[in-house]
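One structure is given below, encoded as structure tokens.
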Amino acid sequence: MRPAVCLLSGGLDSSTCLALARKEGYACYALSFDYGQRHRIELEAAARVARALGVERHIVAKVGLDVFGGSALTSDLEVPKGRTAADMGDGIPVTYVPARNTIFLSFALAWAEVLGSSDIFIGVNALDYSGYPDCRPEFIQAFEDMANLATKAGVEGRTRVAIHTPLIGLSKAGIVRLARDLGLDFSLTHSCYDPSPDGLPCGECDSCLLRRKGFEEAGIEDR
């Protein structure tokens with residue numbers, strides 16, 4: 001089984017991506033981040049998903065992005081609620097965390113080189129998403145090109161890193177259907193940006209609304 005590093009937030013998309021990598025026969029090493037986000041509930045979800053899917057190892061790396069702030073997820077800025085699809089498609093929202101996926105993929109690249117792995121999975125989506133620039137195909141391609149210039153393994157020609165984005169062209173409904181077909185337990189995952197102290201989703205942030213839209217359009221119950 002080829003080793004692969006899989007970024008795992010505990011949300012629906014990253015969990016589906018991990019489940020797909022497992023189905024494709026990879027030995028999966030799950031990587032999550034304690035980056036100073038406003039809650040730790042997503043890390044609890046990531047741990048549940050990693051256990052359920054039987055990863056080889058699950059690491060939570062600490063990266064204090066809250067020292068910079070600049071995002072509603074890492075500071076006391078208010079999380080937007082009740083936005084329409086048109087609102088979400090207009091500009092980059094305040095829930096964008098500056099350079100987050102660049103940083104996360106860099107950590108994944110480092111671990112992949114240590115593991116002797118050529119494969120990194122990330123559950124980015126460029127259709128039903130919140131307008132983040134680091135979820136676009138051109139960003140992923142640019143990072144992959146950089147990765148193969150930046151590592152010892154790449155320079156020596158021992159490997160060529162591939163950044164796998166199997167969900168990038170799917171609608172949220174398509175992701176929900178794929179997750180169902182892979183047998184993912186939806187209840188293990190968490191998608192809310194601003195949950196209550198006991199972990200209940202707010203139901204009104206962009207992430208909650210996009211998740212609800214996906215399940216409704218797929219005709220599948222979220223439970």
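Residue numbering restarts at 1 in every chain; chains get A, B, ... in the order shown in the structure tokens, and ligands count up from 1 in that same order.
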
*Which of range 47-203 of chain A DSSP labels strand (DSSP E or B), written as a ChimeraX atom specification*: /A:57-62,119-121,162-164

*Shell of 10 Å around Phe143 in chain A, only C-alpha atoms, local chain residues under 6 positions omitted, as a PyMOL selection string*: chain A and resi 101-102+105-106+134+137+149+162-163

_Would you pick out the contacts of range 171-175 of chain A at 10 Å or less, using only C-alpha atoms, so that residues sharing its chain but fewer than 5 positions from it are not included, and give the list as a list in words?_
Leu12, Asp13, Thr16, Cys17, Gly123, Asn125, Ala126, Leu127, Asp128, Tyr129, Pro166, Arg180, Asp181, Leu210, Arg211, Arg212, Lys213, Gly214, Phe215, Glu216, Glu217, Ala218, Gly219 and Ile220 of chain A

Dump of N, CA, C and O atoms for the selected residues, as an mmCIF file, in the first residue's frame:
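Wrote again_27.cif, looks like this:
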data_model
loop_
_atom_site.group_PDB
_atom_site.id
_atom_site.type_symbol
_atom_site.label_atom_id
_atom_site.label_comp_id
_atom_site.auth_asym_id
_atom_site.auth_seq_id
_atom_site.Cartn_x
_atom_site.Cartn_y
_atom_site.Cartn_z
ATOM 1 N N LEU A 12 -17.001 17.562 6.363
ATOM 2 C CA LEU A 12 -17.536 16.611 5.387
ATOM 3 C C LEU A 12 -16.577 16.386 4.226
ATOM 4 O O LEU A 12 -16.322 15.249 3.823
ATOM 5 N N ASP A 13 -16.030 17.466 3.673
ATOM 6 C CA ASP A 13 -15.204 17.339 2.475
ATOM 7 C C ASP A 13 -13.918 16.576 2.745
ATOM 8 O O ASP A 13 -13.569 15.640 2.020
ATOM 9 N N THR A 16 -14.602 12.899 3.435
ATOM 10 C CA THR A 16 -14.908 12.170 2.203
ATOM 11 C C THR A 16 -13.643 11.904 1.410
ATOM 12 O O THR A 16 -13.444 10.811 0.857
ATOM 13 N N CYS A 17 -12.776 12.897 1.352
ATOM 14 C CA CYS A 17 -11.510 12.752 0.633
ATOM 15 C C CYS A 17 -10.665 11.648 1.246
ATOM 16 O O CYS A 17 -10.084 10.820 0.530
ATOM 17 N N GLY A 123 -9.174 17.991 0.473
ATOM 18 C CA GLY A 123 -10.578 17.988 0.051
ATOM 19 C C GLY A 123 -11.100 19.341 -0.390
ATOM 20 O O GLY A 123 -12.228 19.700 -0.028
ATOM 21 N N ASN A 125 -12.712 22.239 -2.778
ATOM 22 C CA ASN A 125 -13.824 22.215 -3.718
ATOM 23 C C ASN A 125 -13.959 23.591 -4.348
ATOM 24 O O ASN A 125 -13.899 24.603 -3.652
ATOM 25 N N ALA A 126 -14.113 23.633 -5.661
ATOM 26 C CA ALA A 126 -14.144 24.914 -6.373
ATOM 27 C C ALA A 126 -15.527 25.261 -6.919
ATOM 28 O O ALA A 126 -15.666 26.231 -7.650
ATOM 29 N N LEU A 127 -16.558 24.497 -6.538
ATOM 30 C CA LEU A 127 -17.913 24.799 -7.017
ATOM 31 C C LEU A 127 -18.751 25.387 -5.891
ATOM 32 O O LEU A 127 -18.929 26.594 -5.795
ATOM 33 N N ASP A 128 -19.296 24.539 -5.015
ATOM 34 C CA ASP A 128 -20.078 25.021 -3.871
ATOM 35 C C ASP A 128 -19.141 25.287 -2.702
ATOM 36 O O ASP A 128 -18.942 24.442 -1.827
ATOM 37 N N TYR A 129 -18.524 26.458 -2.707
ATOM 38 C CA TYR A 129 -17.563 26.784 -1.661
ATOM 39 C C TYR A 129 -17.704 28.254 -1.319
ATOM 40 O O TYR A 129 -18.498 28.972 -1.907
ATOM 41 N N PRO A 166 -9.685 15.152 -5.385
ATOM 42 C CA PRO A 166 -10.776 14.426 -6.048
ATOM 43 C C PRO A 166 -12.138 15.097 -5.952
ATOM 44 O O PRO A 166 -13.051 14.736 -6.698
ATOM 45 N N ARG A 180 -21.802 9.071 0.861
ATOM 46 C CA ARG A 180 -22.747 7.976 1.130
ATOM 47 C C ARG A 180 -22.259 6.688 0.482
ATOM 48 O O ARG A 180 -22.268 5.609 1.109
ATOM 49 N N ASP A 181 -21.830 6.766 -0.776
ATOM 50 C CA ASP A 181 -21.388 5.572 -1.493
ATOM 51 C C ASP A 181 -20.142 4.961 -0.856
ATOM 52 O O ASP A 181 -19.924 3.751 -0.938
ATOM 53 N N LEU A 210 -23.992 25.710 3.249
ATOM 54 C CA LEU A 210 -23.527 24.919 2.117
ATOM 55 C C LEU A 210 -23.731 23.428 2.373
ATOM 56 O O LEU A 210 -24.101 22.682 1.461
ATOM 57 N N ARG A 211 -23.499 23.000 3.591
ATOM 58 C CA ARG A 211 -23.731 21.593 3.938
ATOM 59 C C ARG A 211 -25.205 21.252 3.780
ATOM 60 O O ARG A 211 -25.557 20.218 3.176
ATOM 61 N N ARG A 212 -26.092 22.106 4.308
ATOM 62 C CA ARG A 212 -27.521 21.856 4.191
ATOM 63 C C ARG A 212 -27.943 21.798 2.724
ATOM 64 O O ARG A 212 -28.718 20.918 2.315
ATOM 65 N N LYS A 213 -27.440 22.725 1.933
ATOM 66 C CA LYS A 213 -27.746 22.755 0.495
ATOM 67 C C LYS A 213 -27.344 21.443 -0.177
ATOM 68 O O LYS A 213 -28.090 20.877 -0.985
ATOM 69 N N GLY A 214 -26.169 20.936 0.178
ATOM 70 C CA GLY A 214 -25.700 19.702 -0.427
ATOM 71 C C GLY A 214 -26.589 18.517 -0.103
ATOM 72 O O GLY A 214 -26.949 17.732 -0.987
ATOM 73 N N PHE A 215 -26.970 18.385 1.155
ATOM 74 C CA PHE A 215 -27.824 17.256 1.543
ATOM 75 C C PHE A 215 -29.210 17.379 0.940
ATOM 76 O O PHE A 215 -29.799 16.378 0.486
ATOM 77 N N GLU A 216 -29.765 18.600 0.906
ATOM 78 C CA GLU A 216 -31.078 18.790 0.326
ATOM 79 C C GLU A 216 -31.077 18.450 -1.166
ATOM 80 O O GLU A 216 -31.982 17.780 -1.664
ATOM 81 N N GLU A 217 -30.069 18.928 -1.885
ATOM 82 C CA GLU A 217 -30.018 18.664 -3.318
ATOM 83 C C GLU A 217 -29.725 17.203 -3.626
ATOM 84 O O GLU A 217 -30.159 16.677 -4.653
ATOM 85 N N ALA A 218 -29.012 16.528 -2.725
ATOM 86 C CA ALA A 218 -28.721 15.108 -2.920
ATOM 87 C C ALA A 218 -29.906 14.225 -2.509
ATOM 88 O O ALA A 218 -29.955 13.048 -2.860
ATOM 89 N N GLY A 219 -30.858 14.796 -1.762
ATOM 90 C CA GLY A 219 -31.990 14.029 -1.280
ATOM 91 C C GLY A 219 -31.596 13.011 -0.225
ATOM 92 O O GLY A 219 -32.189 11.936 -0.120
ATOM 93 N N ILE A 220 -30.606 13.377 0.593
ATOM 94 C CA ILE A 220 -30.088 12.482 1.627
ATOM 95 C C ILE A 220 -30.190 13.183 2.976
ATOM 96 O O ILE A 220 -29.937 14.393 3.082
#

*Residue contacts of Glu78 in chain A (12 Å, only C-alpha atoms) excluding same-chain residues fewer than 2 positions away, as a list in words*: Arg38, Gly70, Ser71, Ala72, Leu73, Thr74, Ser75, Asp76, Pro80, Lys81, Pro93, Val94, Thr95, Tyr193, Asp194 and Cys205 of chain A

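Distance-wise, CA of Glu138 in chain A and CA of Leu8 in chain A end up 21.4 Å apart.
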
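Using only C-alpha atoms, the shortest contact distance between Ile122 in chain A and any of A:Ser15, A:Thr165, A:Ser196, A:Ser191 is found at A:Thr165.
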
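Nearest residue to Met88 in chain A, choosing from A:Gly116, A:Gly54, A:Gly131, A:Pro3 and counting only C-alpha atoms: A:Gly131.
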
Spatial neighbours of Ala19 in chain A, max dist 8 Å, only C-alpha atoms, sep filter under 3 positions, as a PDB file with N, CA and C atoms, in the first residue's frame:
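Everything below was put into result_5.pdb:
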ATOM      1  N   SER A  15     -13.213  14.581   5.164  1.00  0.00           N
ATOM      2  CA  SER A  15     -13.507  13.208   5.576  1.00  0.00           C
ATOM      3  C   SER A  15     -13.844  12.340   4.370  1.00  0.00           C
ATOM      4  N   THR A  16     -14.602  12.899   3.435  1.00  0.00           N
ATOM      5  CA  THR A  16     -14.908  12.170   2.203  1.00  0.00           C
ATOM      6  C   THR A  16     -13.643  11.904   1.410  1.00  0.00           C
ATOM      7  N   ARG A  22      -8.635   5.953   1.118  1.00  0.00           N
ATOM      8  CA  ARG A  22      -8.603   4.601   1.692  1.00  0.00           C
ATOM      9  C   ARG A  22      -9.164   3.578   0.706  1.00  0.00           C
ATOM     10  N   LYS A  23     -10.272   3.939   0.049  1.00  0.00           N
ATOM     11  CA  LYS A  23     -10.868   3.005  -0.904  1.00  0.00           C
ATOM     12  C   LYS A  23      -9.934   2.727  -2.063  1.00  0.00           C
ATOM     13  N   LEU A  53     -12.002   5.417  10.143  1.00  0.00           N
ATOM     14  CA  LEU A  53     -11.507   5.025   8.820  1.00  0.00           C
ATOM     15  C   LEU A  53     -10.202   4.244   8.890  1.00  0.00           C
ATOM     16  N   ALA A 179     -19.843  10.548  -0.477  1.00  0.00           N
ATOM     17  CA  ALA A 179     -19.631  10.134   0.912  1.00  0.00           C
ATOM     18  C   ALA A 179     -20.551   8.979   1.277  1.00  0.00           C
ATOM     19  N   LEU A 182     -19.331   5.798  -0.220  1.00  0.00           N
ATOM     20  CA  LEU A 182     -18.124   5.314   0.449  1.00  0.00           C
ATOM     21  C   LEU A 182     -18.412   4.780   1.848  1.00  0.00           C
ATOM     22  N   LEU A 184     -19.363   6.649   4.485  1.00  0.00           N
ATOM     23  CA  LEU A 184     -18.957   7.566   5.539  1.00  0.00           C
ATOM     24  C   LEU A 184     -20.121   7.839   6.489  1.00  0.00           C
TER      25      LEU A 184
END

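CA of His190 in chain A to CA of Ala45 in chain A spans 6.0 Å [interatomic distance, one decimal].
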
*In chain A, DSSP alpha helix (DSSP H) residues written as a VMD selection string*: chain A and resid 12 to 23 41 to 53 85 to 88 100 to 115 137 to 150 152 to 155 172 to 182 206 to 218

*Show which residues sit within 7 Å of range 55-63 of chain A, as a PyMOL selection string. Count only C-alpha atoms, and ignore same-chain residues fewer than 4 positions away.*
chain A and resi 27-35+50-51

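In this model, the gap between CA of Ala108 in chain A and CA of Gly183 in chain A comes to 25.6 Å.
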
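Considering the residues A:Val155, A:Ile92, A:Val67, A:Leu170 and counting only C-alpha atoms, Pro133 in chain A has its shortest atom-to-atom contact with A:Ile92.
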
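Shortest atom-to-atom contact with Phe104 in chain A among A:Phe121, A:Cys208, A:Gly157, A:Leu200: A:Phe121, counting only C-alpha atoms.
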